[in-house]
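Novice: Hey, dropping protein28.cif in here, mmCIF, C-alpha atoms:
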```
data_my_file
#
loop_
_atom_site.label_atom_id
_atom_site.label_comp_id
_atom_site.auth_asym_id
_atom_site.auth_seq_id
_atom_site.Cartn_x
_atom_site.Cartn_y
_atom_site.Cartn_z
CA MET A 1 -28.20 -50.01 -11.28
CA HIS A 2 -30.06 -48.10 -13.95
CA SER A 3 -28.40 -45.04 -15.45
CA ASN A 4 -31.22 -42.85 -14.14
CA ASP A 5 -30.65 -44.13 -10.61
CA PHE A 6 -26.91 -43.53 -10.96
CA SER A 7 -27.44 -39.97 -12.22
CA TYR A 8 -29.86 -39.31 -9.38
CA SER A 9 -27.31 -40.57 -6.83
CA ILE A 10 -24.56 -38.34 -8.28
CA LEU A 11 -26.88 -35.34 -8.25
CA THR A 12 -27.85 -36.05 -4.65
CA ILE A 13 -24.19 -36.23 -3.62
CA LEU A 14 -23.35 -32.97 -5.41
CA ILE A 15 -26.28 -31.14 -3.83
CA THR A 16 -25.30 -32.48 -0.40
CA LEU A 17 -21.70 -31.38 -0.88
CA ALA A 18 -22.84 -27.93 -2.01
CA LEU A 19 -25.08 -27.55 1.03
CA VAL A 20 -22.24 -28.67 3.32
CA LEU A 21 -19.86 -26.15 1.74
CA ILE A 22 -22.43 -23.35 2.05
CA PHE A 23 -23.02 -24.28 5.69
CA LEU A 24 -19.27 -24.32 6.41
CA PHE A 25 -18.79 -20.97 4.67
CA VAL A 26 -21.66 -19.33 6.54
CA HIS A 27 -20.40 -20.79 9.81
CA TYR A 28 -16.87 -19.57 9.06
CA ARG A 29 -18.06 -16.04 8.22
CA SER A 30 -20.21 -15.95 11.36
CA HIS A 31 -17.21 -17.03 13.41
CA CYS A 32 -15.05 -14.31 11.80
CA ARG A 33 -17.65 -11.66 12.58
CA ARG A 34 -17.90 -12.77 16.22
CA GLU A 35 -14.12 -12.76 16.58
CA ALA A 36 -13.91 -9.33 14.95
CA ARG A 37 -16.48 -7.88 17.36
CA ILE A 38 -14.53 -9.28 20.30
CA GLN A 39 -11.29 -7.78 19.00
CA VAL A 40 -12.89 -4.38 18.41
CA LYS A 41 -14.02 -4.30 22.07
CA ARG A 42 -10.57 -5.33 23.30
CA ARG A 43 -8.35 -3.15 21.13
CA PRO A 44 -7.39 0.31 22.51
CA ASP A 45 -8.40 3.36 20.49
CA GLN A 46 -4.80 4.32 19.83
CA GLU A 47 -4.14 0.98 18.16
CA LYS A 48 -7.30 1.27 16.04
CA LEU A 49 -6.45 4.82 15.03
CA GLN A 50 -2.93 3.82 14.03
CA ASP A 51 -4.18 0.98 11.80
CA ILE A 52 -6.88 3.13 10.20
CA ASN A 53 -4.51 5.99 9.40
CA GLN A 54 -1.91 3.58 8.10
CA ALA A 55 -4.51 2.25 5.64
CA LEU A 56 -5.53 5.79 4.63
CA ALA A 57 -2.01 7.21 4.30
CA PRO A 58 -1.48 6.19 0.63
CA PHE A 59 -4.54 8.28 -0.29
CA GLY A 60 -3.33 11.44 1.43
CA PHE A 61 -6.04 11.32 4.11
CA ALA A 62 -6.33 10.64 7.82
CA TYR A 63 -9.08 10.12 10.39
CA SER A 64 -9.54 12.40 13.39
CA LEU A 65 -10.95 10.64 16.45
CA THR A 66 -11.63 13.88 18.32
CA GLN A 67 -13.61 15.43 15.44
CA ASP A 68 -14.91 12.13 14.04
CA ILE A 69 -14.11 13.08 10.43
CA PHE A 70 -11.76 12.21 7.60
CA TYR A 71 -9.50 15.05 6.42
CA SER A 72 -6.77 15.70 3.85
CA LYS A 73 -3.23 15.88 5.21
CA GLN A 74 -1.01 18.92 4.88
CA ASP A 75 1.59 16.95 2.92
CA ALA A 76 -0.92 14.99 0.80
CA TRP A 77 0.65 13.99 -2.49
CA GLN A 78 -2.43 15.30 -4.35
CA LYS A 79 -0.82 18.71 -4.06
CA ASP A 80 1.42 17.82 -6.99
CA PHE A 81 -1.61 17.45 -9.29
CA GLY A 82 -3.03 20.96 -8.84
CA TYR A 83 -6.51 21.72 -10.11
CA SER A 84 -8.36 21.60 -13.41
CA LYS A 85 -12.04 22.21 -14.13
CA LEU A 86 -12.12 18.69 -15.57
CA TYR A 87 -11.83 17.32 -12.02
CA ASP A 88 -15.17 18.87 -11.09
CA GLU A 89 -16.83 17.81 -14.32
CA MET A 90 -15.75 14.19 -13.76
CA ALA A 91 -16.78 14.15 -10.08
CA PRO A 92 -20.01 12.10 -10.56
CA VAL A 93 -17.93 9.29 -12.11
CA MET A 94 -16.32 8.88 -8.68
CA ASN A 95 -19.68 9.05 -6.88
CA MET A 96 -19.25 12.68 -5.93
CA ILE A 97 -22.44 14.73 -6.20
CA ILE A 98 -21.23 18.12 -5.06
CA ASP A 99 -21.74 21.86 -5.37
CA CYS A 100 -18.67 23.69 -6.69
CA GLU A 101 -18.01 27.40 -6.22
CA PRO A 102 -14.83 28.69 -7.89
CA ILE A 103 -13.71 32.24 -7.11
CA TYR A 104 -11.24 33.59 -9.68
CA PHE A 105 -9.16 36.74 -9.20
CA GLU A 106 -5.82 38.26 -10.17
CA TYR A 107 -3.19 39.51 -7.77
CA ASN A 108 0.55 40.12 -7.79
CA GLY A 109 1.04 38.81 -11.33
CA LYS A 110 -0.80 35.55 -10.73
CA LYS A 111 -4.25 34.27 -11.55
CA TRP A 112 -5.74 32.82 -8.36
CA LEU A 113 -8.50 30.34 -7.69
CA ILE A 114 -10.09 29.75 -4.30
CA GLU A 115 -12.75 27.08 -4.65
CA LEU A 116 -15.41 25.82 -2.25
CA TRP A 117 -17.07 22.40 -2.43
CA LYS A 118 -19.85 20.68 -0.46
CA GLY A 119 -21.98 17.61 -1.01
CA GLN A 120 -21.96 13.83 -1.06
CA TYR A 121 -18.66 12.01 -1.56
CA GLY A 122 -19.58 8.33 -1.92
CA ILE A 123 -20.70 7.27 1.54
CA MET A 124 -19.51 10.50 3.13
CA THR A 125 -20.94 13.99 3.46
CA GLY A 126 -18.26 16.64 3.33
CA ALA A 127 -16.81 19.97 2.28
CA GLU A 128 -13.55 21.41 0.96
CA VAL A 129 -11.76 24.70 0.45
CA GLY A 130 -8.79 24.79 -1.95
CA ILE A 131 -6.27 27.52 -2.83
CA TYR A 132 -4.56 27.46 -6.24
CA TYR A 133 -2.81 29.80 -8.65
CA HIS A 134 -1.75 29.99 -12.30
CA MET A 135 1.43 31.78 -13.20
CA GLY A 136 2.44 32.54 -16.76
CA PRO A 137 1.04 34.23 -19.83
CA ALA A 138 -2.63 33.48 -20.45
CA PRO A 139 -3.91 36.46 -22.45
CA GLY A 140 -7.53 36.10 -23.42
CA ASP A 141 -7.88 32.69 -21.77
CA ALA A 142 -10.94 32.15 -19.61
CA PRO A 143 -9.84 31.46 -16.02
CA GLU A 144 -11.81 28.19 -15.92
CA SER A 145 -9.80 26.86 -18.87
CA LEU A 146 -6.45 27.14 -17.06
CA PHE A 147 -4.56 24.58 -15.02
CA TYR A 148 -3.77 25.70 -11.48
CA THR A 149 -0.96 24.86 -9.08
CA ALA A 150 -1.64 24.27 -5.40
CA ALA A 151 -0.59 27.09 -3.08
CA SER A 152 2.86 26.76 -1.55
CA PRO A 153 3.38 26.86 2.25
CA LYS A 154 4.11 30.61 2.04
CA GLU A 155 0.93 31.19 0.03
CA GLN A 156 -1.41 29.18 2.23
CA LEU A 157 -4.07 31.03 4.17
CA PRO A 158 -5.68 30.51 7.57
CA ILE A 159 -9.01 28.90 6.71
CA THR A 160 -11.97 28.18 8.95
CA MET A 161 -14.96 26.24 7.69
CA SER A 162 -18.16 24.97 9.26
CA LEU A 163 -20.56 22.56 7.55
CA TYR A 164 -24.26 22.47 8.43
CA LYS A 165 -27.00 20.08 7.35
CA ASN A 166 -30.52 21.46 7.59
CA GLY A 167 -29.25 23.91 10.19
CA LYS A 168 -27.49 21.25 12.29
CA PRO A 169 -23.68 21.56 12.58
CA LEU A 170 -21.77 18.54 11.27
CA PHE A 171 -18.21 19.74 11.95
CA ARG A 172 -15.93 22.75 12.16
CA ARG A 173 -12.29 22.94 11.09
CA GLY A 174 -9.66 25.64 11.14
CA GLU A 175 -6.08 25.47 9.89
CA ASN A 176 -3.46 27.18 7.77
CA HIS A 177 -3.82 25.09 4.62
CA TRP A 178 -3.91 24.81 0.83
CA TRP A 179 -6.75 22.25 0.83
CA LEU A 180 -8.86 22.16 3.99
CA THR A 181 -11.36 19.31 4.02
CA GLY A 182 -13.72 17.36 6.25
CA PHE A 183 -15.85 14.25 5.56
CA VAL A 184 -18.42 12.54 7.80
CA LEU A 185 -18.60 8.79 7.21
CA GLY A 186 -21.99 7.14 6.73
CA GLU A 187 -23.88 10.44 6.46
CA PHE A 188 -26.05 10.79 3.35
CA SER A 189 -26.99 14.25 2.13
CA TYR A 190 -28.19 16.12 -0.89
CA PRO A 191 -26.00 19.16 -1.64
CA GLY A 192 -29.04 21.42 -1.23
CA GLU A 193 -29.38 20.32 2.40
CA LEU A 194 -25.90 21.60 3.20
CA MET A 195 -24.60 25.07 4.03
CA LEU A 196 -20.86 25.76 4.15
CA HIS A 197 -19.58 28.76 6.08
CA VAL A 198 -16.01 29.74 5.20
CA SER A 199 -13.65 32.38 6.58
CA LEU A 200 -10.31 33.23 4.97
CA SER A 201 -7.75 35.50 6.62
CA PHE A 202 -5.48 37.66 4.46
CA GLU A 203 -2.33 39.37 5.75
CA ASP A 204 -2.13 41.28 2.48
CA TYR A 205 -5.05 43.66 2.08
CA GLY A 206 -4.38 43.91 -1.64
CA MET A 207 -5.01 40.19 -2.01
CA MET A 208 -8.11 40.46 0.16
CA GLU A 209 -9.54 43.22 -2.03
CA ALA A 210 -8.78 41.18 -5.15
CA PHE A 211 -10.57 38.18 -3.63
CA ILE A 212 -13.61 40.30 -2.75
CA LYS A 213 -13.68 41.57 -6.33
CA GLY A 214 -13.60 37.94 -7.52
CA CYS A 215 -16.54 37.10 -5.25
CA LEU A 216 -18.56 39.99 -6.68
CA GLN A 217 -17.73 38.90 -10.22
CA ALA A 218 -18.84 35.37 -9.33
CA GLY A 219 -22.29 36.67 -8.37
CA TYR A 220 -22.04 37.42 -4.66
CA ARG A 221 -23.34 40.72 -3.37
CA GLN A 222 -21.47 43.00 -1.01
CA GLU A 223 -23.95 42.12 1.74
CA ASP A 224 -23.16 38.41 1.26
CA LEU A 225 -19.60 39.03 2.42
CA HIS A 226 -18.56 39.79 5.99
CA VAL A 227 -15.21 41.59 6.16
CA GLN A 228 -13.43 42.24 9.43
CA CYS A 229 -9.75 42.76 10.29
CA GLY A 230 -8.41 41.12 7.15
CA THR A 231 -10.84 38.18 7.27
CA VAL A 232 -13.52 37.56 4.65
CA SER A 233 -16.43 35.26 5.48
CA LEU A 234 -19.09 33.91 3.14
CA CYS A 235 -21.65 31.12 2.98
CA LEU A 236 -22.11 28.59 0.21
CA TYR A 237 -25.69 27.34 0.09
CA GLN A 238 -26.90 27.71 -3.47
CA PRO A 239 -23.81 28.07 -5.69
CA LYS A 240 -23.59 30.90 -8.19
CA HIS A 241 -21.68 28.52 -10.43
CA SER A 242 -22.71 24.97 -11.34
CA THR A 243 -20.87 22.17 -13.16
CA ALA A 244 -24.08 20.16 -13.51
CA ASN A 245 -26.08 20.21 -16.74
CA GLY A 246 -29.43 18.87 -17.84
CA CYS A 247 -28.07 15.95 -19.83
CA CYS A 248 -26.46 14.35 -16.79
CA ARG A 249 -29.31 14.90 -14.33
CA LEU A 250 -30.52 11.29 -14.51
CA TYR A 251 -26.97 10.02 -14.08
CA ARG A 252 -26.46 12.21 -11.02
CA GLU A 253 -29.71 10.86 -9.54
CA TRP A 254 -28.51 7.32 -10.22
CA VAL A 255 -25.19 8.05 -8.48
CA GLN A 256 -27.02 9.49 -5.47
CA TRP A 257 -29.19 6.37 -5.30
CA GLN A 258 -25.99 4.31 -5.16
CA ASN A 259 -24.55 6.55 -2.47
CA HIS A 260 -27.70 6.29 -0.37
CA PHE A 261 -27.82 2.51 -0.80
CA ASN A 262 -24.15 2.15 0.18
CA CYS A 263 -24.71 4.30 3.28
CA ARG A 264 -27.50 1.93 4.30
CA ILE A 265 -25.23 -1.09 3.75
CA PHE A 266 -22.58 0.56 5.91
CA ALA A 267 -25.10 1.22 8.69
CA HIS A 268 -26.48 -2.33 8.52
CA VAL A 269 -23.12 -4.09 8.51
CA THR A 270 -21.75 -2.03 11.40
CA LYS A 271 -24.96 -2.20 13.43
CA GLY A 272 -24.20 -2.47 17.13
CA PHE A 273 -21.30 0.01 17.08
CA ASP A 274 -21.95 3.64 17.97
CA ARG A 275 -18.54 5.14 17.25
CA THR A 276 -17.03 5.59 13.79
CA ILE A 277 -13.62 4.36 14.93
CA ASP A 278 -15.18 1.07 16.08
CA ARG A 279 -17.12 0.72 12.84
CA LEU A 280 -13.99 1.27 10.79
CA ASP A 281 -11.99 -1.17 12.90
CA TYR A 282 -14.73 -3.78 12.54
CA LEU A 283 -14.82 -3.37 8.76
CA MET A 284 -11.06 -3.75 8.50
CA LEU A 285 -11.20 -6.97 10.51
CA ALA A 286 -14.42 -8.59 9.28
CA TYR A 287 -15.22 -6.98 5.93
CA PRO A 288 -12.04 -5.76 4.25
CA GLY A 289 -13.95 -5.68 0.96
CA ILE A 290 -16.42 -3.14 2.31
CA PHE A 291 -13.57 -1.13 3.82
CA ARG A 292 -12.06 -0.96 0.34
CA LEU A 293 -15.38 0.50 -0.79
CA LEU A 294 -14.38 3.66 1.09
CA THR A 295 -11.39 4.02 -1.21
CA LYS A 296 -13.34 3.39 -4.41
CA THR A 297 -15.58 6.45 -4.19
CA GLY A 298 -15.26 10.16 -3.52
CA ARG A 299 -11.93 11.97 -3.24
CA PHE A 300 -10.12 8.76 -2.33
CA ALA A 301 -10.90 7.09 -5.65
CA TRP A 302 -10.47 10.24 -7.74
CA GLU A 303 -6.99 10.95 -6.47
CA ARG A 304 -5.95 7.30 -6.60
CA LYS A 305 -7.06 6.96 -10.23
CA ARG A 306 -5.04 9.99 -11.25
CA ARG A 307 -1.90 8.79 -9.52
#
```
Please go through the file and, once you have read it, give me the structure as structure tokens.
Specialist:
Amino acid sequence: MHSNDFSYSILTILITLALVLIFLFVHYRSHCRREARIQVKRRPDQEKLQDINQALAPFGFAYSLTQDIFYSKQDAWQKDFGYSKLYDEMAPVMNMIIDCEPIYFEYNGKKWLIELWKGQYGIMTGAEVGIYYHMGPAPGDAPESLFYTAASPKEQLPITMSLYKNGKPLFRRGENHWWLTGFVLGEFSYPGELMLHVSLSFEDYGMMEAFIKGCLQAGYRQEDLHVQCGTVSLCLYQPKHSTANGCCRLYREWVQWQNHFNCRIFAHVTKGFDRTIDRLDYLMLAYPGIFRLLTKTGRFAWERKRR
């Protein structure tokens, strides 16, 4: 046999083996997807919810079946890390393209920060309201340069928030909290499409007046605030404060392109399922790599990286 014939035979065998392996792999993956779809249909919601929340627990988050949103838990370990302006400035690195609205004020010997957020968090559209304070001497320091501690259980406030996209309600949450959040999976939005309505209830009228003063200093007008029976309500549409700057505009657009693309991948892969809980269950069974994508962007990734 000539060397050329021998080489040709070896090449033919290698190509055949490669094609066989590709066929077996594709067949195996197809089988796994079919089995996963069958299991999703058979498994009760309570079992799915338990598995999903078990996977989310290390990140301080949970999934609500009744509201169909992700949310931060009351005892989330992120509470120990407080707040710094750097977190907002680094948000695009974690695929978060969001509007930030910090309200600074002083009351009872502490410097307070109540901040509102809304926008795109990876492959989720969401919003947040956080309550923080700084205690200690800080003469002459700008409030945005300080590090803040998360509000203790006694300092938490009743918070109600509603998020709208182009006038359509996405979700509504209300709870006594230090960090009230809500995130809709697979929804892609530009921050400018979103409007966040927030109400905070104050038992102490002195603190309420200090907060109102902070809102006015931030750029809100008196008519922008609705005050009734110790509750202050305001809407975040176009923030008075912005962490974005011209030099990172292209990067932010690139991140949003990624977010939009990943939302489309999520929709394509989970095609055939109408409910989020079924989509999540299917990803965990058939595409664990894509499920891990959820924890590599947005608040999940940011908090995990800082741990």
Novice: Would you translate the PyMOL selection byres ((chain A and resi 55) around 12) into the concrete set of residues it matches in this file, as a list in words?
Specialist: Lys48, Leu49, Gln50, Asp51, Ile52, Asn53, Gln54, Leu56, Ala57, Pro58, Phe59, Gly60, Phe61, Ala62, Tyr63, Leu280, Asp281, Met284, Pro288, Phe291, Arg292, Leu294, Thr295 and Phe300 of chain A
Novice: Rounded to one decimal place, report the CA of Thr160 in chain A-CA of Met90 in chain A distance in Å.
Specialist: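 Spanning CA of Thr160 in chain A to CA of Met90 in chain A is a straight-line distance of 26.9 Å.
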Novice: Record the distance separating CA of Gly82 in chain A and CA of Phe188 in chain A, expressed in Å with one decimal.
Specialist: 28.0 Å
Novice: Just want the 12 Å neighbourhood of Arg37 in chain A, counted on all atoms listed in the file, with same-chain residues fewer than 2 positions away dropped. Output as a list in words.
Specialist: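 Neighbouring residues, sequence-local ones excluded: Ser30, His31, Cys32, Arg33, Arg34, Glu35, Gln39, Val40, Lys41, Arg42, Arg43, Val269, Thr270, Lys271, Gly272, Phe273, Asp278, Arg279, Leu280, Asp281, Tyr282, Leu283, Met284, Leu285, Ala286 and Tyr287 of chain A.
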Novice: Write out as a PyMOL selection string the residues lying within 12 Å of range 66-73 of chain A, counting only C-alpha atoms and excluding same-chain residues fewer than 2 positions away.
Specialist: chain A and resi 45-46+49+52-53+56-64+75-79+121+123-130+163+170-187+274-280+294+298-300+303
Novice: Using all atoms listed in the file, what residues lie at most 12 Å away from (-12.6, 19.0, -15.0) (file coordinates), given as a PyMOL selection string?
Specialist: chain A and resi 82-93+100+144-148+243-244+302
Novice: Identify which of the residues A:Asp99, A:Glu209, A:Leu116, A:Ser152 lies closest to Asp80 in chain A, counting all atoms listed in the file when measuring atom-to-atom distances.
Specialist: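 Result for the nearest residue to Asp80 in chain A: A:Ser152.
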Novice: Do a neighbour search on His241 in chain A at 12 Å with all atoms listed in the file, toss out local chain neighbours closer than 3 positions, and write the hits as a list in words.
Specialist: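 Within the cut-off, the hits are Asp88, Ile98, Asp99, Cys100, Glu101, Pro102, Ile103, Tyr104, Glu115, Leu116, Trp117, Glu144, Cys215, Gln217, Ala218, Gly219, Tyr220, Leu236, Tyr237, Gln238, Ala244 and Asn245 of chain A.
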Novice: Go ahead and write the residues just picked, C-alpha atoms, as a compact mmCIF listing (two decimals), keeping the file's coordinate frame.
Specialist:
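As a result, out_32.txt now contains:
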```txt
# COMPACT_ATOMS: atom_id res chain seq x y z
CA ASP A 88 -15.17 18.87 -11.09
CA ILE A 98 -21.23 18.12 -5.06
CA ASP A 99 -21.74 21.86 -5.37
CA CYS A 100 -18.67 23.69 -6.69
CA GLU A 101 -18.01 27.40 -6.22
CA PRO A 102 -14.83 28.69 -7.89
CA ILE A 103 -13.71 32.24 -7.11
CA TYR A 104 -11.24 33.59 -9.68
CA GLU A 115 -12.75 27.08 -4.65
CA LEU A 116 -15.41 25.82 -2.25
CA TRP A 117 -17.07 22.40 -2.43
CA GLU A 144 -11.81 28.19 -15.92
CA CYS A 215 -16.54 37.10 -5.25
CA GLN A 217 -17.73 38.90 -10.22
CA ALA A 218 -18.84 35.37 -9.33
CA GLY A 219 -22.29 36.67 -8.37
CA TYR A 220 -22.04 37.42 -4.66
CA LEU A 236 -22.11 28.59 0.21
CA TYR A 237 -25.69 27.34 0.09
CA GLN A 238 -26.90 27.71 -3.47
CA ALA A 244 -24.08 20.16 -13.51
CA ASN A 245 -26.08 20.21 -16.74
```
Novice: Do a neighbour search on Ile212 in chain A at 9 Å with all atoms listed in the file, toss out local chain neighbours closer than 6 positions, and write the hits as a VMD selection string.
Specialist: chain A and resid 105 222 225 232
Novice: Give me the box for range 293-299 of chain A as JSON, namely the centre and edge lengths in Å to one decimal of a box along x, y and z that holds every listed atom plus 8 Å on each side.
Specialist:
```
{"center_x": -13.5, "center_y": 6.2, "center_z": -1.7, "size_x": 20.2, "size_y": 27.5, "size_z": 21.5}
```
Novice: Quick one: distance from CA of Val198 in chain A to CA of Val255 in chain A in Å, one decimal?
Specialist: 27.2 Å
Novice: As a check of understanding, name the residues that the PyMOL selection byres ((chain A and resi 135) around 9) selects in the supplied structure, as a compact mmCIF listing (two decimals) with C-alpha atoms, keeping the file's coordinate frame.
Specialist:
```
# COMPACT_ATOMS: atom_id res chain seq x y z
CA GLY A 109 1.04 38.81 -11.33
CA LYS A 110 -0.80 35.55 -10.73
CA LYS A 111 -4.25 34.27 -11.55
CA TRP A 112 -5.74 32.82 -8.36
CA TYR A 133 -2.81 29.80 -8.65
CA HIS A 134 -1.75 29.99 -12.30
CA GLY A 136 2.44 32.54 -16.76
CA PRO A 137 1.04 34.23 -19.83
CA ALA A 138 -2.63 33.48 -20.45
CA TYR A 148 -3.77 25.70 -11.48
CA THR A 149 -0.96 24.86 -9.08
```
Novice: Considering all atoms listed in the file, can you say which of A:Ile38, A:Gly122, A:Asp204, A:Asp224 comes closest to Phe266 in chain A?
Specialist: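 Among A:Ile38, A:Gly122, A:Asp204, A:Asp224, it is A:Gly122 that comes nearest to Phe266 in chain A.
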Novice: Got a sec to resolve the PyMOL selection byres ((chain A and resi 202) around 10) on this structure and send the residues as an MDAnalysis selection string?
Specialist: chainID A and resid 156:159 199:201 203:209 211 229:232
Novice: Compare A:Lys213, A:Lys154, A:Lys296, A:Lys165 by their minimum atom-to-atom distance to Tyr190 in chain A, counting all atoms listed in the file, and give me the closest one.
Specialist: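 Looking only at the distances to Tyr190 in chain A, the closest residue turns out to be A:Lys165.
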Novice: Which residue out of A:Arg221, A:Ile114, A:Gly167, A:Gly214 has the minimum interatomic distance to Gly192 in chain A when all atoms listed in the file are used?
Specialist: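 Of all the options, A:Gly167 lies closest to Gly192 in chain A.
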Novice: Which one of A:Ile290, A:Glu193, A:Asp141, A:Leu234 sits closest to Tyr164 in chain A if you count all atoms listed in the file?
Specialist: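 Smallest distance to Tyr164 in chain A is found for A:Glu193.
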